[in-house]
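One file, final-v1.csv, is given below (CSV, C-alpha atoms).
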chain,number,residue,atom,x,y,z
A,1,ARG,CA,1.3,-8.3,-25.0
A,2,VAL,CA,4.8,-9.4,-23.8
A,3,LYS,CA,5.5,-9.3,-20.0
A,4,GLN,CA,9.0,-8.6,-18.8
A,5,GLN,CA,11.0,-8.0,-15.6
A,6,SER,CA,10.2,-4.5,-14.2
A,7,ASP,CA,12.8,-1.8,-13.7
A,8,GLU,CA,14.2,-0.8,-10.3
A,9,PRO,CA,11.5,0.2,-7.6
A,10,LEU,CA,10.3,3.8,-7.9
A,11,LEU,CA,10.1,4.2,-4.1
A,12,ALA,CA,12.7,3.3,-1.5
A,13,ILE,CA,11.5,1.6,1.7
A,14,LEU,CA,12.0,3.7,4.9
A,15,GLY,CA,10.5,1.4,7.5
A,16,PHE,CA,7.8,-1.0,8.7
A,17,ASP,CA,5.4,-1.0,11.6
A,18,ILE,CA,2.9,-3.5,13.0
A,19,PHE,CA,0.0,-2.3,15.2
A,20,GLU,CA,-2.7,-4.3,17.0
A,21,THR,CA,-6.1,-2.7,16.8
A,22,GLU,CA,-9.6,-3.4,18.1
A,23,ARG,CA,-11.1,-1.9,14.9
A,24,LYS,CA,-9.5,-0.9,11.6
A,25,VAL,CA,-7.7,2.4,11.7
A,26,CYS,CA,-7.7,4.6,8.6
A,27,ASP,CA,-5.4,7.6,7.7
A,28,LEU,CA,-2.6,6.6,10.0
A,29,GLY,CA,-0.4,9.4,8.5
A,30,GLY,CA,-2.7,11.9,10.1
A,31,HIS,CA,-2.7,10.3,13.5
A,32,PRO,CA,-1.2,12.7,16.1
A,33,ALA,CA,0.6,9.8,17.9
A,34,LEU,CA,2.4,8.4,14.8
A,35,CYS,CA,5.6,10.1,13.8
A,36,LEU,CA,6.5,9.2,10.2
A,37,PRO,CA,10.2,8.3,9.4
A,38,SER,CA,12.2,11.0,7.8
A,39,PRO,CA,12.9,10.5,4.0
A,40,ASN,CA,16.4,12.1,4.7
A,41,GLY,CA,17.4,9.4,7.2
A,42,PRO,CA,17.4,9.3,11.1
A,43,ASP,CA,17.0,12.6,12.9
A,44,LYS,CA,20.5,13.9,13.8
A,45,THR,CA,19.4,16.4,16.4
A,46,GLY,CA,18.3,13.8,19.0
A,47,GLY,CA,14.7,14.9,18.9
A,48,GLY,CA,11.7,12.7,18.1
A,49,ALA,CA,9.9,14.4,15.3
A,50,THR,CA,11.6,15.3,12.1
A,51,SER,CA,10.8,17.7,9.3
A,52,ALA,CA,11.3,17.3,5.6
A,53,SER,CA,13.9,19.1,3.7
A,54,THR,CA,12.5,21.1,0.8
A,55,SER,CA,15.7,22.3,-0.7
A,56,VAL,CA,15.9,19.5,-3.2
A,57,ARG,CA,12.2,19.4,-4.1
A,58,PRO,CA,11.0,20.9,-7.3
A,59,SER,CA,9.1,24.2,-7.0
A,60,ASP,CA,5.5,24.6,-8.1
A,61,ALA,CA,6.7,26.4,-11.2
A,62,GLU,CA,9.1,23.6,-12.1
A,63,SER,CA,6.4,21.0,-11.7
A,64,ALA,CA,3.9,23.0,-13.7
A,65,ALA,CA,6.4,23.5,-16.5
A,66,GLU,CA,6.7,19.7,-16.7
A,67,GLY,CA,2.9,19.3,-16.7
A,68,GLY,CA,3.3,17.5,-13.4
A,69,GLY,CA,1.2,19.6,-11.1
A,70,PRO,CA,2.3,20.5,-7.5
A,71,PRO,CA,5.2,18.7,-5.7
A,72,LEU,CA,4.3,15.3,-4.3
A,73,ALA,CA,4.3,14.2,-0.6
A,74,ASP,CA,7.5,13.2,1.2
A,75,VAL,CA,6.3,9.7,2.4
A,76,PHE,CA,4.1,7.1,0.7
A,77,VAL,CA,2.3,5.0,3.4
A,78,ILE,CA,0.7,1.6,2.7
A,79,ASN,CA,-1.6,0.5,5.5
A,80,TRP,CA,-2.6,-3.2,5.2
A,81,GLN,CA,-5.7,-3.5,7.5
A,82,VAL,CA,-5.7,-7.2,8.5
A,83,PHE,CA,-8.2,-9.1,10.6
A,84,THR,CA,-7.5,-11.7,13.4
A,85,TYR,CA,-11.1,-12.9,13.9
A,86,SER,CA,-12.3,-16.1,12.2
A,87,PRO,CA,-14.3,-15.3,9.1
A,88,SER,CA,-18.0,-16.1,9.4
A,89,ALA,CA,-19.8,-18.0,6.7
A,90,THR,CA,-22.4,-15.3,6.7
A,91,SER,CA,-19.9,-13.2,4.8
A,92,LEU,CA,-20.7,-15.4,1.8
A,93,PHE,CA,-23.8,-13.3,1.4
A,94,SER,CA,-22.0,-9.9,2.0
A,95,SER,CA,-20.4,-7.7,-0.6
A,96,GLU,CA,-17.0,-6.1,-0.8
A,97,GLU,CA,-19.0,-2.9,-1.3
A,98,ASP,CA,-20.1,-3.3,2.4
A,99,ASP,CA,-17.8,-0.9,4.3
A,100,GLU,CA,-19.2,-2.1,7.7
A,101,CYS,CA,-16.9,-5.2,7.8
A,102,ASP,CA,-14.7,-4.6,10.8
A,103,GLY,CA,-13.4,-6.2,14.0
A,104,GLU,CA,-10.2,-7.0,15.9
A,105,GLY,CA,-7.0,-7.1,13.8
A,106,GLY,CA,-4.1,-4.8,13.1
A,107,SER,CA,-2.2,-2.7,10.6
A,108,LEU,CA,0.9,-3.8,8.7
A,109,VAL,CA,2.3,-0.5,7.6
A,110,GLN,CA,5.0,0.2,5.1
A,111,TYR,CA,6.7,3.6,4.6
A,112,PHE,CA,8.4,4.6,1.4
A,113,ARG,CA,10.4,7.6,0.4
A,114,ILE,CA,9.0,9.5,-2.6
A,115,PRO,CA,11.8,10.9,-4.8
A,116,PRO,CA,11.5,14.7,-5.1
A,117,HIS,CA,11.5,14.6,-8.9
A,118,LEU,CA,9.3,11.5,-9.4
A,119,GLY,CA,7.6,11.7,-12.8
A,120,ILE,CA,9.3,14.9,-14.0
A,121,THR,CA,12.7,15.7,-15.5
A,122,SER,CA,15.3,16.1,-12.7
A,123,HIS,CA,17.9,18.9,-12.5
A,124,ASP,CA,20.5,16.8,-14.2
A,125,GLY,CA,18.2,16.4,-17.2
A,126,VAL,CA,17.3,12.7,-16.8
A,127,PRO,CA,13.8,12.2,-18.2
A,128,PRO,CA,11.3,10.1,-16.1
A,129,SER,CA,10.2,6.6,-17.0
A,130,PRO,CA,6.6,6.0,-18.2
A,131,ALA,CA,6.0,4.2,-14.9
A,132,ALA,CA,7.2,7.2,-12.9
A,133,ARG,CA,4.9,9.5,-14.9
A,134,LEU,CA,2.0,7.2,-14.3
A,135,LEU,CA,2.5,6.9,-10.6
A,136,ARG,CA,2.8,10.7,-10.3
A,137,ARG,CA,-0.4,11.2,-12.3
A,138,TRP,CA,-2.2,8.6,-10.2
A,139,MET,CA,-1.1,10.1,-6.8
A,140,GLN,CA,-2.1,13.6,-7.9
A,141,GLY,CA,-5.6,12.6,-9.1
A,142,ALA,CA,-6.6,9.7,-6.9
A,143,THR,CA,-8.1,11.7,-4.1
A,144,THR,CA,-10.5,13.6,-6.4
A,145,ASP,CA,-11.0,11.4,-9.5
A,146,GLU,CA,-12.8,8.2,-8.7
A,147,GLY,CA,-12.2,6.7,-12.1
A,148,LEU,CA,-8.5,7.3,-11.8
A,149,ARG,CA,-8.4,6.1,-8.2
A,150,ASN,CA,-10.1,2.8,-9.0
A,151,GLN,CA,-7.4,1.9,-11.5
A,152,LEU,CA,-5.1,0.9,-8.7
A,153,LYS,CA,-4.0,-2.8,-9.0
A,154,LEU,CA,-2.1,-5.0,-6.5
A,155,ILE,CA,0.2,-7.9,-7.2
A,156,LEU,CA,1.0,-10.4,-4.4
A,157,ARG,CA,3.7,-13.0,-4.4
A,158,LEU,CA,4.9,-15.7,-2.1
A,159,ASP,CA,8.5,-16.4,-3.1
A,160,ASN,CA,9.2,-19.3,-0.8
A,161,GLN,CA,5.9,-21.2,-1.1
A,162,GLU,CA,7.7,-24.5,-1.6
A,163,GLU,CA,9.6,-24.1,1.7
A,164,VAL,CA,6.6,-23.5,4.0
A,165,SER,CA,3.8,-25.8,5.1
A,166,LEU,CA,0.6,-25.1,3.1
A,167,ASN,CA,-2.4,-27.3,3.0
A,168,ALA,CA,-4.0,-28.2,-0.3
A,169,PHE,CA,-6.7,-25.5,0.0
A,170,VAL,CA,-4.2,-22.8,0.6
A,171,ARG,CA,-1.7,-24.0,-2.0
A,172,HIS,CA,-4.4,-24.1,-4.7
A,173,ASN,CA,-5.4,-20.5,-4.0
A,174,VAL,CA,-1.8,-19.2,-3.7
A,175,ARG,CA,-0.9,-20.7,-7.0
A,176,LYS,CA,-4.1,-19.5,-8.6
A,177,TYR,CA,-3.4,-15.8,-7.8
A,178,GLU,CA,0.4,-15.9,-7.6
A,179,GLY,CA,1.8,-12.8,-9.2
A,180,LYS,CA,-1.4,-11.8,-11.0
A,181,PRO,CA,-2.6,-8.2,-10.8
A,182,TYR,CA,-6.1,-7.6,-9.3
A,183,LEU,CA,-8.0,-4.4,-8.9
A,184,ALA,CA,-7.9,-3.0,-5.3
A,185,ARG,CA,-11.3,-1.5,-5.5
A,186,PRO,CA,-13.5,-1.3,-3.6
A,187,ALA,CA,-11.6,-2.5,-0.6
A,188,PHE,CA,-9.2,0.5,-0.3
A,189,ARG,CA,-9.1,4.2,0.5
A,190,VAL,CA,-6.6,7.0,-0.2
A,191,SER,CA,-5.8,10.0,2.0
A,192,HIS,CA,-3.1,12.7,2.2
A,193,GLY,CA,-2.1,15.5,4.4
A,194,VAL,CA,0.6,16.6,6.9
A,195,ASN,CA,1.7,14.3,9.7
A,196,PRO,CA,1.3,16.2,12.9
A,197,PRO,CA,4.4,15.1,14.9
A,198,SER,CA,6.9,15.3,12.0
A,199,GLY,CA,5.5,17.9,9.6
A,200,LEU,CA,6.1,15.6,6.7
A,201,ARG,CA,3.6,15.4,3.9
A,202,TYR,CA,2.2,12.0,3.3
A,203,PHE,CA,0.1,10.1,0.8
A,204,GLU,CA,-1.6,7.0,2.2
A,205,VAL,CA,-3.3,3.9,0.7
A,206,ASP,CA,-5.4,1.8,3.2
A,207,ILE,CA,-5.9,-1.8,1.9
A,208,ASP,CA,-9.0,-3.1,3.8
A,209,THR,CA,-8.8,-6.9,3.9
A,210,HIS,CA,-11.9,-6.9,6.3
A,211,ARG,CA,-13.9,-6.4,3.1
A,212,TYR,CA,-12.3,-9.3,1.1
A,213,SER,CA,-14.4,-12.2,0.1
A,214,TYR,CA,-15.0,-15.2,2.4
A,215,ILE,CA,-12.8,-17.5,0.4
A,216,VAL,CA,-9.9,-15.1,0.4
A,217,LYS,CA,-10.3,-14.4,4.2
A,218,LYS,CA,-10.4,-18.2,4.9
A,219,THR,CA,-7.2,-18.6,2.9
A,220,MET,CA,-5.5,-15.7,4.8
A,221,THR,CA,-6.6,-17.3,8.1
A,222,ALA,CA,-5.2,-20.7,7.2
A,223,MET,CA,-1.9,-19.0,6.2
A,224,SER,CA,-1.6,-16.9,9.4
A,225,PRO,CA,0.2,-19.4,11.6
A,226,ASN,CA,3.2,-19.5,9.3
A,227,PHE,CA,3.3,-15.7,8.7
A,228,PRO,CA,6.9,-15.2,10.1
A,229,GLN,CA,8.2,-17.7,7.6
A,230,TYR,CA,6.8,-16.0,4.4
A,231,ARG,CA,8.9,-13.9,2.1

For the file at hand, write its structure as structure tokens.
Amino acid sequence: RVKQQSDEPLLAILGFDIFETERKVCDLGGHPALCLPSPNGPDKTGGGATSASTSVRPSDAESAAEGGGPPLADVFVINWQVFTYSPSATSLFSSEEDDECDGEGGSLVQYFRIPPHLGITSHDGVPPSPAARLLRRWMQGATTDEGLRNQLKLILRLDNQEEVSLNAFVRHNVRKYEGKPYLARPAFRVSHGVNPPSGLRYFEVDIDTHRYSYIVKKTMTAMSPNFPQYR
């Protein structure tokens, strides 16, 4: 199988937040104190909350005709639940299946705009890419189909690893997993709903690094002092 450069991103970045938390927080999109950024740009009315425009979104009938199901959400949320405590060696004997791993840390949150015709033919007749169809199918089935949900893979890269100070242990692990896909399961959750302050529909993926293995957590801890320098 030949690998090649991917096409342009399917989702456009809207914003980024960092929250400090005493314990991991799931389903941030449903939190009454968090107003999601509008996919249509800054609110022009001067008010805080914004609402999504539905005029350009495909109707249920249009989506069904394409075999795409109901319209998708407005905003895709990725919530990286990170830890700030020192990993304990006792976690060598714990499993990623253990959902009780928790403690002080924070959330690194990314917000993306979901194109209204993602995965279906747009009004101008442009057919969707296979990747867009796949993402649409995954988002529509992930909350109810465990088998489909567990197919989610993540790919992490550190583009400037030669420019930052990494010890031998960290550099070995970074190079070992650089750019290689890995299954997110079981250390993630999905949720969806309507954001209370904005009225925007959201789809959220919570990546729970509290449940990562001891070696991975030790690597992340060793990398944390140089975090602002990474890209």

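With distances restricted to all atoms listed in the file, A:Gln81 is the closest residue to A:Tyr212 from A:Gln151, A:Gln81, A:Asn167, A:Thr21.
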
For the point (0.8, 0.7, 6.4) in the file's frame, write as a ChimeraX atom specification all residues with an atom no more than 12 Å away, counting only C-alpha atoms. /A:13-19,24-29,34,36,75-82,106-112,190,202-208

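Between atom CA of A:Gly105 and atom CA of A:Ser38 lies a distance of 27.1 Å.
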
Nearest to A:Arg157, restricted to all atoms listed in the file and choosing among A:Ser129, A:Arg231, A:Thr209, A:Ser198, comes out as A:Arg231

Skipping near chain neighbours, those fewer than 6 positions away, what residues fall within 12 Å of A:Thr84 using all atoms listed in the file, listed as number ranges by chain? A: 20-24, 102-107, 209-210, 217-218, 220-225

Please compute the atom CA of A:His117-atom CA of A:Leu200 distance, one decimal, in Å. 16.5 Å

Among the residues A:Ala89, A:Val216, A:Leu118, A:Leu183, the one that comes closest to A:Leu152 [using only C-alpha atoms]: A:Leu183

How far is it from atom CA of A:Pro197 to atom CA of A:Met139, in Å with one decimal?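 Separation of atom CA of A:Pro197 and atom CA of A:Met139: 22.9 Å.
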
Quick one: of A:Ser88, A:Asn40, A:Thr121, A:Gln5, who's nearest to A:Asp74, counting only C-alpha atoms? A:Asn40

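The shortest atom-to-atom distance to A:Gly179, with only C-alpha atoms taken into account, belongs to A:Leu158 out of A:Ala131, A:Leu158, A:Leu72, A:Ala142.
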
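Among the candidate residues A:Pro186, A:Pro115, A:Gly199, A:Pro37, the one lying nearest to A:Lys153 is A:Pro186, with distances computed using all atoms listed in the file.
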
At a cut-off of 8 Å, using all atoms listed in the file, what residues contact A:Gln140? Leave out same-chain residues fewer than 3 positions from it and give the result as a PyMOL selection string. chain A and resi 69+72+136-137+143

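Summary of the local environment: counting only C-alpha atoms, residues at most 7 Å from A:Gly30, other than itself and those fewer than 6 positions away along its chain, are Gly193, Val194, Asn195 and Pro196 of chain A.
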
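Residue neighbourhood of A:Gly119, excluding near-sequence residues (fewer than 3 positions): A:Pro128, A:Ala132, A:Arg133, A:Arg136, at 7 Å, using all atoms listed in the file.
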